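Peer 1: My file is upload.csv. It has CSV, C-alpha atoms:
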chain,number,residue,atom,x,y,z
G,1365,MET,CA,125.6,-59.7,-166.2
G,1366,ARG,CA,127.5,-62.6,-164.6
G,1367,LEU,CA,130.9,-61.9,-163.1
G,1368,THR,CA,133.5,-64.3,-164.4
G,1369,GLY,CA,137.2,-64.9,-164.1
G,1370,SER,CA,139.7,-67.1,-162.4
G,1371,CYS,CA,139.4,-65.5,-158.9
G,1372,TYR,CA,138.4,-68.8,-157.3
G,1373,LYS,CA,141.6,-70.5,-158.5
G,1374,ARG,CA,143.9,-68.1,-156.7
G,1375,SER,CA,145.1,-68.2,-153.1
G,1376,ALA,CA,143.8,-65.8,-150.5
G,1377,TYR,CA,145.5,-62.6,-149.6
G,1378,PRO,CA,148.6,-62.9,-147.4
G,1379,GLY,CA,147.7,-62.7,-143.7
G,1380,MET,CA,144.2,-63.9,-144.1
G,1381,SER,CA,144.0,-66.5,-141.4
G,1382,ALA,CA,141.7,-69.5,-140.9
G,1383,THR,CA,140.0,-67.5,-138.2
G,1384,THR,CA,139.3,-64.6,-140.6
G,1385,ARG,CA,138.0,-67.0,-143.2
G,1386,ALA,CA,135.7,-68.6,-140.7
G,1387,GLU,CA,134.5,-65.2,-139.6
G,1388,LEU,CA,133.8,-64.3,-143.2
G,1389,SER,CA,131.9,-67.6,-143.6
G,1390,ASP,CA,129.7,-67.0,-140.5
G,1391,PHE,CA,129.0,-63.4,-141.5
G,1392,LEU,CA,127.8,-64.3,-145.0
G,1393,LYS,CA,125.6,-67.1,-143.7
G,1394,SER,CA,124.0,-64.8,-141.1
G,1395,ARG,CA,123.3,-62.1,-143.7
G,1396,ARG,CA,121.8,-64.6,-146.1
G,1397,ALA,CA,119.6,-66.1,-143.4
G,1398,ARG,CA,118.0,-62.7,-142.5
G,1399,ILE,CA,116.7,-62.0,-146.0
G,1400,THR,CA,113.4,-63.5,-147.2
G,1401,PRO,CA,112.7,-64.3,-150.9
G,1402,ALA,CA,109.9,-61.7,-151.0
G,1403,THR,CA,112.4,-59.0,-149.9
G,1404,VAL,CA,114.4,-59.4,-153.1
G,1405,GLY,CA,111.4,-60.1,-155.3
G,1406,LEU,CA,111.7,-63.9,-155.5
G,1407,PRO,CA,108.8,-66.4,-155.1
G,1408,SER,CA,108.8,-68.3,-151.8
G,1409,GLY,CA,108.3,-71.6,-153.6
G,1410,ARG,CA,108.2,-74.9,-151.7
G,1411,ARG,CA,108.8,-75.1,-148.0
G,1412,ARG,CA,112.3,-74.1,-147.0
G,1413,ARG,CA,114.3,-76.1,-144.5
G,1414,THR,CA,116.3,-73.0,-143.4
G,1415,PRO,CA,115.3,-69.3,-143.1
G,1416,GLY,CA,116.4,-66.8,-145.7
G,1417,LEU,CA,117.8,-67.2,-149.2
G,1418,ARG,CA,119.4,-70.2,-150.6
G,1419,ARG,CA,123.0,-70.1,-151.8
G,1420,GLU,CA,121.9,-70.4,-155.4
G,1421,GLU,CA,119.6,-67.5,-155.1
G,1422,VAL,CA,122.4,-65.3,-153.7
G,1423,ALA,CA,124.7,-66.4,-156.5
G,1424,GLU,CA,122.0,-65.6,-159.1
G,1425,LEU,CA,121.2,-62.1,-157.6
G,1426,ALA,CA,125.0,-61.3,-157.4
G,1427,GLY,CA,125.7,-62.6,-160.9
G,1428,VAL,CA,128.4,-65.0,-159.7
G,1429,GLY,CA,128.8,-68.8,-160.1
G,1430,LEU,CA,127.1,-71.0,-157.5
G,1431,THR,CA,130.3,-73.0,-157.0
G,1432,TRP,CA,132.4,-69.9,-156.4
G,1433,TYR,CA,129.8,-68.4,-154.0
G,1434,THR,CA,129.6,-71.7,-152.1
G,1435,TRP,CA,133.3,-71.7,-151.6
G,1436,LEU,CA,133.3,-68.1,-150.4
G,1437,GLU,CA,130.6,-68.9,-147.9
G,1438,GLN,CA,132.4,-72.0,-146.7
G,1439,GLY,CA,135.5,-70.0,-146.0
G,1440,ARG,CA,137.6,-71.7,-148.6
G,1441,ASP,CA,141.1,-70.4,-149.3
G,1442,ILE,CA,140.3,-68.3,-152.3
G,1443,ARG,CA,140.9,-64.7,-153.5
G,1444,VAL,CA,138.0,-62.4,-154.2
G,1445,SER,CA,137.9,-59.3,-156.3
G,1446,ALA,CA,136.3,-56.0,-155.1
G,1447,ASP,CA,133.8,-56.2,-157.9
G,1448,VAL,CA,132.5,-59.5,-156.8
G,1449,LEU,CA,132.3,-58.4,-153.1
G,1450,THR,CA,130.3,-55.4,-154.2
G,1451,ALA,CA,127.9,-57.6,-156.1
G,1452,VAL,CA,127.5,-60.0,-153.1
G,1453,ALA,CA,127.0,-57.1,-150.7
G,1454,ARG,CA,124.3,-55.6,-153.0
G,1455,ALA,CA,122.6,-59.0,-153.3
G,1456,LEU,CA,122.5,-59.4,-149.5
G,1457,ARG,CA,121.2,-55.8,-149.0
G,1458,MET,CA,124.2,-54.9,-146.7
G,1459,GLU,CA,124.3,-51.5,-145.0
G,1460,PRO,CA,127.5,-49.4,-145.4
G,1461,SER,CA,129.1,-50.6,-142.2
G,1462,GLU,CA,128.3,-54.2,-143.1
G,1463,ARG,CA,129.8,-53.7,-146.6
G,1464,THR,CA,133.0,-52.3,-145.0
G,1465,HIS,CA,133.2,-55.3,-142.7
G,1466,LEU,CA,132.8,-57.7,-145.6
G,1467,PHE,CA,135.6,-56.0,-147.5
G,1468,ARG,CA,137.9,-56.1,-144.5
G,1469,LEU,CA,137.3,-59.7,-143.8
G,1470,ALA,CA,138.1,-60.5,-147.5
G,1471,GLY,CA,141.4,-58.6,-147.3
G,1472,HIS,CA,140.4,-55.4,-149.1
G,1473,ALA,CA,140.6,-53.0,-146.2
G,1474,PRO,CA,143.8,-51.2,-145.1
G,1475,HIS,CA,145.5,-53.2,-142.4
G,1476,VAL,CA,146.7,-50.5,-140.0
G,1477,GLN,CA,148.1,-51.1,-136.6
G,1478,GLU,CA,150.0,-48.5,-134.7
G,1479,SER,CA,151.3,-48.2,-131.2
G,1480,VAL,CA,149.5,-45.6,-129.1
G,1481,GLY,CA,149.4,-44.9,-125.4
G,1482,GLU,CA,152.5,-43.0,-124.6
G,1483,GLN,CA,152.8,-41.9,-128.3
G,1484,LEU,CA,149.5,-40.1,-128.2
G,1485,SER,CA,150.1,-36.7,-129.7
G,1486,PRO,CA,150.1,-33.6,-127.4
G,1487,ARG,CA,147.5,-32.1,-129.7
G,1488,LEU,CA,145.0,-34.9,-128.9
G,1489,ARG,CA,145.7,-34.6,-125.2
G,1490,ARG,CA,144.9,-30.9,-125.4
G,1491,VAL,CA,141.6,-31.6,-127.1
G,1492,LEU,CA,140.7,-33.8,-124.1
G,1493,GLU,CA,141.7,-31.2,-121.6
G,1494,SER,CA,140.0,-28.3,-123.5
G,1495,TRP,CA,136.7,-30.3,-123.6
G,1496,GLU,CA,136.2,-29.8,-119.8
G,1497,PRO,CA,133.8,-29.6,-118.1
G,1498,TYR,CA,132.3,-32.2,-120.4
G,1499,PRO,CA,133.6,-35.8,-120.6
G,1500,ALA,CA,135.8,-37.0,-123.5
G,1501,HIS,CA,137.9,-40.1,-124.0
G,1502,ILE,CA,139.9,-41.9,-126.7
G,1503,THR,CA,139.8,-45.6,-127.6
G,1504,GLY,CA,142.2,-47.5,-129.7
G,1505,ARG,CA,142.5,-51.0,-131.1
G,1506,ARG,CA,140.0,-53.5,-129.6
G,1507,ARG,CA,138.2,-50.4,-128.1
G,1508,ASP,CA,140.9,-50.2,-125.5
G,1509,LEU,CA,140.9,-47.0,-123.5
G,1510,VAL,CA,143.9,-44.8,-124.4
G,1511,ALA,CA,143.2,-41.5,-122.7
G,1512,TRP,CA,140.4,-39.5,-121.0
G,1513,ASN,CA,139.8,-36.2,-119.3
G,1514,ARG,CA,139.0,-35.5,-115.6
G,1515,THR,CA,135.2,-35.4,-116.1
G,1516,SER,CA,135.2,-38.7,-117.9
G,1517,GLU,CA,137.2,-40.2,-115.0
G,1518,VAL,CA,134.7,-38.8,-112.4
G,1519,ILE,CA,131.8,-40.3,-114.3
G,1520,ASN,CA,133.3,-43.7,-115.3
G,1521,GLY,CA,136.3,-44.3,-113.0
G,1522,TRP,CA,138.5,-45.6,-115.8
G,1523,SER,CA,141.6,-45.5,-113.7
G,1524,LYS,CA,140.1,-48.0,-111.2
G,1525,LEU,CA,139.9,-50.7,-113.8
G,1526,PRO,CA,142.4,-53.6,-113.4
G,1527,ASP,CA,145.7,-53.4,-115.3
G,1528,GLY,CA,145.2,-54.8,-118.8
G,1529,ARG,CA,141.4,-54.4,-118.5
G,1530,ARG,CA,140.9,-50.8,-119.5
G,1531,ASN,CA,138.6,-51.7,-122.4
G,1532,ILE,CA,135.1,-50.5,-123.2
G,1533,LEU,CA,133.7,-54.0,-123.7
G,1534,TRP,CA,135.4,-55.4,-120.5
G,1535,TYR,CA,133.9,-52.4,-118.7
G,1536,LEU,CA,130.4,-52.9,-120.0
G,1537,PHE,CA,130.1,-56.7,-119.6
G,1538,LEU,CA,132.5,-57.7,-116.8
G,1539,LEU,CA,132.2,-54.8,-114.4
G,1540,PRO,CA,128.9,-55.0,-112.4
G,1541,SER,CA,128.8,-51.3,-111.6
G,1542,ALA,CA,128.5,-50.5,-115.3
G,1543,ARG,CA,124.9,-51.7,-115.3
G,1544,GLN,CA,124.1,-49.6,-112.3
G,1545,LEU,CA,125.6,-46.5,-113.9
G,1546,MET,CA,123.7,-47.0,-117.2
G,1547,PRO,CA,119.9,-47.2,-117.0
G,1548,ASP,CA,119.8,-48.1,-120.7
G,1549,TRP,CA,122.4,-50.8,-120.5
G,1550,GLU,CA,120.3,-53.5,-122.2
G,1551,LEU,CA,119.7,-51.1,-125.2
G,1552,GLU,CA,123.2,-49.8,-125.5
G,1553,VAL,CA,125.4,-53.0,-125.3
G,1554,PRO,CA,124.2,-54.5,-128.6
G,1555,GLY,CA,125.5,-51.5,-130.5
G,1556,SER,CA,128.9,-51.7,-128.7
G,1557,VAL,CA,129.3,-55.4,-129.7
G,1558,ALA,CA,128.4,-54.7,-133.3
G,1559,ALA,CA,130.8,-51.8,-133.4
G,1560,LEU,CA,133.6,-54.0,-132.0
G,1561,ARG,CA,133.1,-56.5,-134.8
G,1562,ALA,CA,132.9,-53.7,-137.4
G,1563,GLU,CA,136.1,-52.1,-136.2
G,1564,ALA,CA,138.0,-55.3,-135.9
G,1565,GLY,CA,137.5,-56.6,-139.5
G,1566,ARG,CA,140.3,-58.8,-140.6
G,1567,ASP,CA,142.2,-58.1,-137.4
G,1568,LEU,CA,139.8,-60.4,-135.6
G,1569,GLY,CA,142.1,-63.4,-135.8
G,1570,ASP,CA,145.0,-61.6,-134.1
G,1571,PRO,CA,145.9,-62.9,-130.7
G,1572,ASP,CA,145.0,-59.8,-128.8
G,1573,TYR,CA,141.5,-59.8,-130.2
G,1574,GLN,CA,141.0,-63.5,-129.7
G,1575,LEU,CA,142.2,-63.1,-126.0
G,1576,LEU,CA,139.6,-60.3,-125.4
G,1577,ILE,CA,136.7,-62.1,-127.1
G,1578,LYS,CA,137.5,-65.4,-125.3
G,1579,GLU,CA,137.5,-63.6,-121.9
G,1580,LEU,CA,134.2,-61.8,-122.7
G,1581,ILE,CA,132.4,-64.9,-124.0
G,1582,GLU,CA,133.5,-67.0,-120.9
G,1583,GLY,CA,132.7,-64.2,-118.5
G,1584,SER,CA,129.4,-62.9,-119.9
G,1585,PRO,CA,126.5,-65.0,-121.4
G,1586,LYS,CA,125.0,-61.7,-122.6
G,1587,PHE,CA,128.1,-60.9,-124.6
G,1588,ALA,CA,128.3,-64.5,-126.0
G,1589,ALA,CA,124.7,-64.2,-127.2
G,1590,LEU,CA,125.3,-60.8,-128.9
G,1591,TRP,CA,128.6,-61.9,-130.5
G,1592,ALA,CA,126.9,-64.9,-132.0
G,1593,ARG,CA,124.4,-62.6,-133.8
G,1594,GLN,CA,127.1,-61.5,-136.2
G,1595,ASP,CA,125.7,-57.9,-136.2
G,1596,VAL,CA,127.9,-55.2,-137.6
G,1597,ARG,CA,127.3,-51.5,-137.5
G,1598,GLY,CA,129.0,-48.2,-136.9
G,1599,HIS,CA,128.6,-46.4,-133.6
G,1600,GLN,CA,129.3,-42.8,-134.4
G,1601,ALA,CA,126.7,-40.8,-132.5
G,1602,GLY,CA,123.9,-41.2,-129.9
G,1603,THR,CA,122.5,-40.3,-126.5
G,1604,LYS,CA,123.6,-41.8,-123.2
G,1605,ARG,CA,121.8,-41.7,-119.9
G,1606,ILE,CA,123.9,-42.0,-116.7
G,1607,GLN,CA,122.8,-42.5,-113.1
G,1608,HIS,CA,125.8,-41.5,-111.1
G,1609,PRO,CA,126.0,-42.1,-107.4
G,1610,GLU,CA,127.2,-38.6,-106.7
G,1611,LEU,CA,126.1,-36.4,-109.6
G,1612,GLY,CA,122.7,-38.0,-110.1
G,1613,GLY,CA,121.0,-38.4,-113.4
G,1614,LEU,CA,122.9,-37.1,-116.5
G,1615,GLU,CA,121.8,-37.1,-120.1
G,1616,LEU,CA,124.6,-36.8,-122.7
G,1617,GLU,CA,124.9,-36.6,-126.4
G,1618,TYR,CA,128.1,-38.1,-128.0
G,1619,THR,CA,129.9,-38.1,-131.3
G,1620,ALA,CA,132.8,-40.5,-132.2
G,1621,LEU,CA,135.4,-39.2,-134.6
G,1622,GLN,CA,138.2,-41.2,-136.2
G,1623,VAL,CA,141.6,-39.7,-135.8
G,1624,ALA,CA,143.1,-39.2,-139.3
G,1625,GLU,CA,146.7,-39.4,-138.2
G,1626,GLN,CA,146.2,-42.6,-136.2
G,1627,PRO,CA,143.2,-44.4,-137.8
G,1628,SER,CA,142.8,-47.0,-135.1
G,1629,LEU,CA,141.9,-44.2,-132.6
G,1630,ARG,CA,138.5,-42.8,-132.0
G,1631,LEU,CA,137.8,-39.6,-130.1
G,1632,TYR,CA,134.5,-39.6,-128.2
G,1633,LEU,CA,133.1,-36.2,-127.3
G,1634,PHE,CA,130.1,-35.8,-125.0
G,1635,THR,CA,127.9,-32.7,-124.5
G,1636,PRO,CA,125.0,-32.1,-122.2
G,1637,ALA,CA,121.6,-33.0,-123.7
G,1638,ASP,CA,119.7,-30.7,-121.3
G,1639,GLU,CA,120.3,-27.7,-119.0
G,1640,ARG,CA,120.1,-29.8,-115.8
G,1641,THR,CA,123.1,-31.9,-117.0
G,1642,GLU,CA,125.0,-28.8,-118.1
G,1643,LYS,CA,124.6,-27.3,-114.6
G,1644,LYS,CA,125.6,-30.5,-112.8
G,1645,LEU,CA,128.8,-30.9,-114.8
G,1646,ARG,CA,129.8,-27.2,-114.4
G,1647,GLU,CA,129.2,-27.4,-110.6
G,1648,ALA,CA,131.2,-30.6,-110.3
G,1649,ALA,CA,134.1,-29.0,-112.2
G,1650,GLY,CA,133.9,-25.9,-110.0
G,1651,ARG,CA,134.2,-28.1,-106.8
G,1652,ARG,CA,137.3,-29.8,-108.3
G,1653,LEU,CA,138.9,-26.5,-109.0
G,1654,GLY,CA,137.9,-25.1,-105.6
Would you mind writing the file's structure down as structure tokens?

Peer 2:
Amino acid sequence: MRLTGSCYKRSAYPGMSATTRAELSDFLKSRRARITPATVGLPSGRRRRTPGLRREEVAELAGVGLTWYTWLEQGRDIRVSADVLTAVARALRMEPSERTHLFRLAGHAPHVQESVGEQLSPRLRRVLESWEPYPAHITGRRRDLVAWNRTSEVINGWSKLPDGRRNILWYLFLLPSARQLMPDWELEVPGSVAALRAEAGRDLGDPDYQLLIKELIEGSPKFAALWARQDVRGHQAGTKRIQHPELGGLELEYTALQVAEQPSLRLYLFTPADERTEKKLREAAGRRLG
């Protein structure tokens, strides 16, 4: 069934900037380039000049017109329905986090911005405090650090970051000591960059996001290379190894939870992955209290 209609004749959603349309264009091109014809059951045919599927193949698989899909991928100022986005995401074999990112870029995700910081609820602050002696922190828009408990401060030293630079990505890429603290830095940072892009969505064109990304690209060739990959994925759980100058080796499991009352906030809760880490954290907390 081919999806039809006049969606390509209508203007884009209000607030969909040229930067967002360019991001949507680059994202679709990158997803198309990674899929081989054989993956979707198409013959390879004659020699291809570029990797991945051709635009006409994506349009056929999605059941949309070639002209319309071309305009979408070129970042034209058009409006797109949720049904068509679903069809394109299915044709490009997108994962759930990639599909969410596509919808956000096309103007179909809730656009929520809220002020946090001093307005952080007492209930959330109590969660951080009660998680002791294990580390916990909260991030907001752009993955800026909003709040953390004492153990998280002991391990990461968040308060020592420069004013206006208390941000997870700034910490990972522009603070040399972060590499020393994280033995698996090379393995961890691709996921953090992909999570930033997924969480930003259509907000990516906003000045605060653009300022952060510009600083990271200019200051870190590694970030620039990872950002150019257009990867998108969630970052909800995992394991982190720490080599702390005072506490020694730590192995922590973490879970990230979105805060329902303030959707831009994510609460990161860490727990010991082994008895050795458990003992070190409890002893460190005992020394602070003593």

Peer 1: Between atom CA of G:Leu1631 and atom CA of G:Ile1502, what is the spacing in Å?

Peer 2: 4.6 Å

Peer 1: Mind giving me the straight-line distance from atom CA of G:Val1428 to atom CA of G:Leu1466 in Å, one decimal?

Peer 2: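 Going from atom CA of G:Val1428 over to atom CA of G:Leu1466 covers 16.5 Å.
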
Peer 1: May I have the residues within 6 Å of G:Tyr1632 as a PyMOL selection string, using only C-alpha atoms and disregarding those fewer than 5 positions away in the same chain?

Peer 2: chain G and resi 1500-1501+1619-1620

Peer 1: When you look at G:Gly1555 with a cut-off of 9 Å (counting only C-alpha atoms), what residues show up, excluding the ones that are within fewer than 6 positions of it in the same chain? I need them as a ChimeraX atom specification.

Peer 2: /G:1595-1599

Peer 1: Given all atoms listed in the file as the basis, pick out the residue of G:Glu1420, G:Glu1617, G:Glu1625, G:Asp1447 nearest to G:Glu1642.

Peer 2: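 Nearest candidate to G:Glu1642 out of G:Glu1420, G:Glu1617, G:Glu1625, G:Asp1447: G:Glu1617.
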
Peer 1: Between atom CA of G:Leu1509 and atom CA of G:Ile1532, what is the distance, to one decimal in Å?

Peer 2: 6.8 Å

Peer 1: Taking only C-alpha atoms into account, which of G:Arg1385, G:Arg1630, G:Arg1457, G:Arg1440 comes nearest G:Leu1417?

Peer 2: G:Arg1457

Peer 1: Between G:Thr1384, G:Gly1439, G:Ala1649, G:Ala1451, which one has atoms that come closest to G:Val1422, using all atoms listed in the file?

Peer 2: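 Answer, going by the shortest atom-to-atom distance: G:Ala1451.
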
Peer 1: Return the single residue from G:Ala1455, G:Ile1581, G:Ile1606, G:Val1623 that is closest to G:Ile1399, with distances computed using all atoms listed in the file.

Peer 2: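 For G:Ile1399, the nearest of the given residues is G:Ala1455.
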
Peer 1: Of the candidates G:Arg1468, G:Arg1543, G:Arg1652, G:Arg1419, which shows the shortest atom-to-atom distance to G:Pro1401, using all atoms listed in the file?

Peer 2: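 Of all the options, G:Arg1419 lies closest to G:Pro1401.
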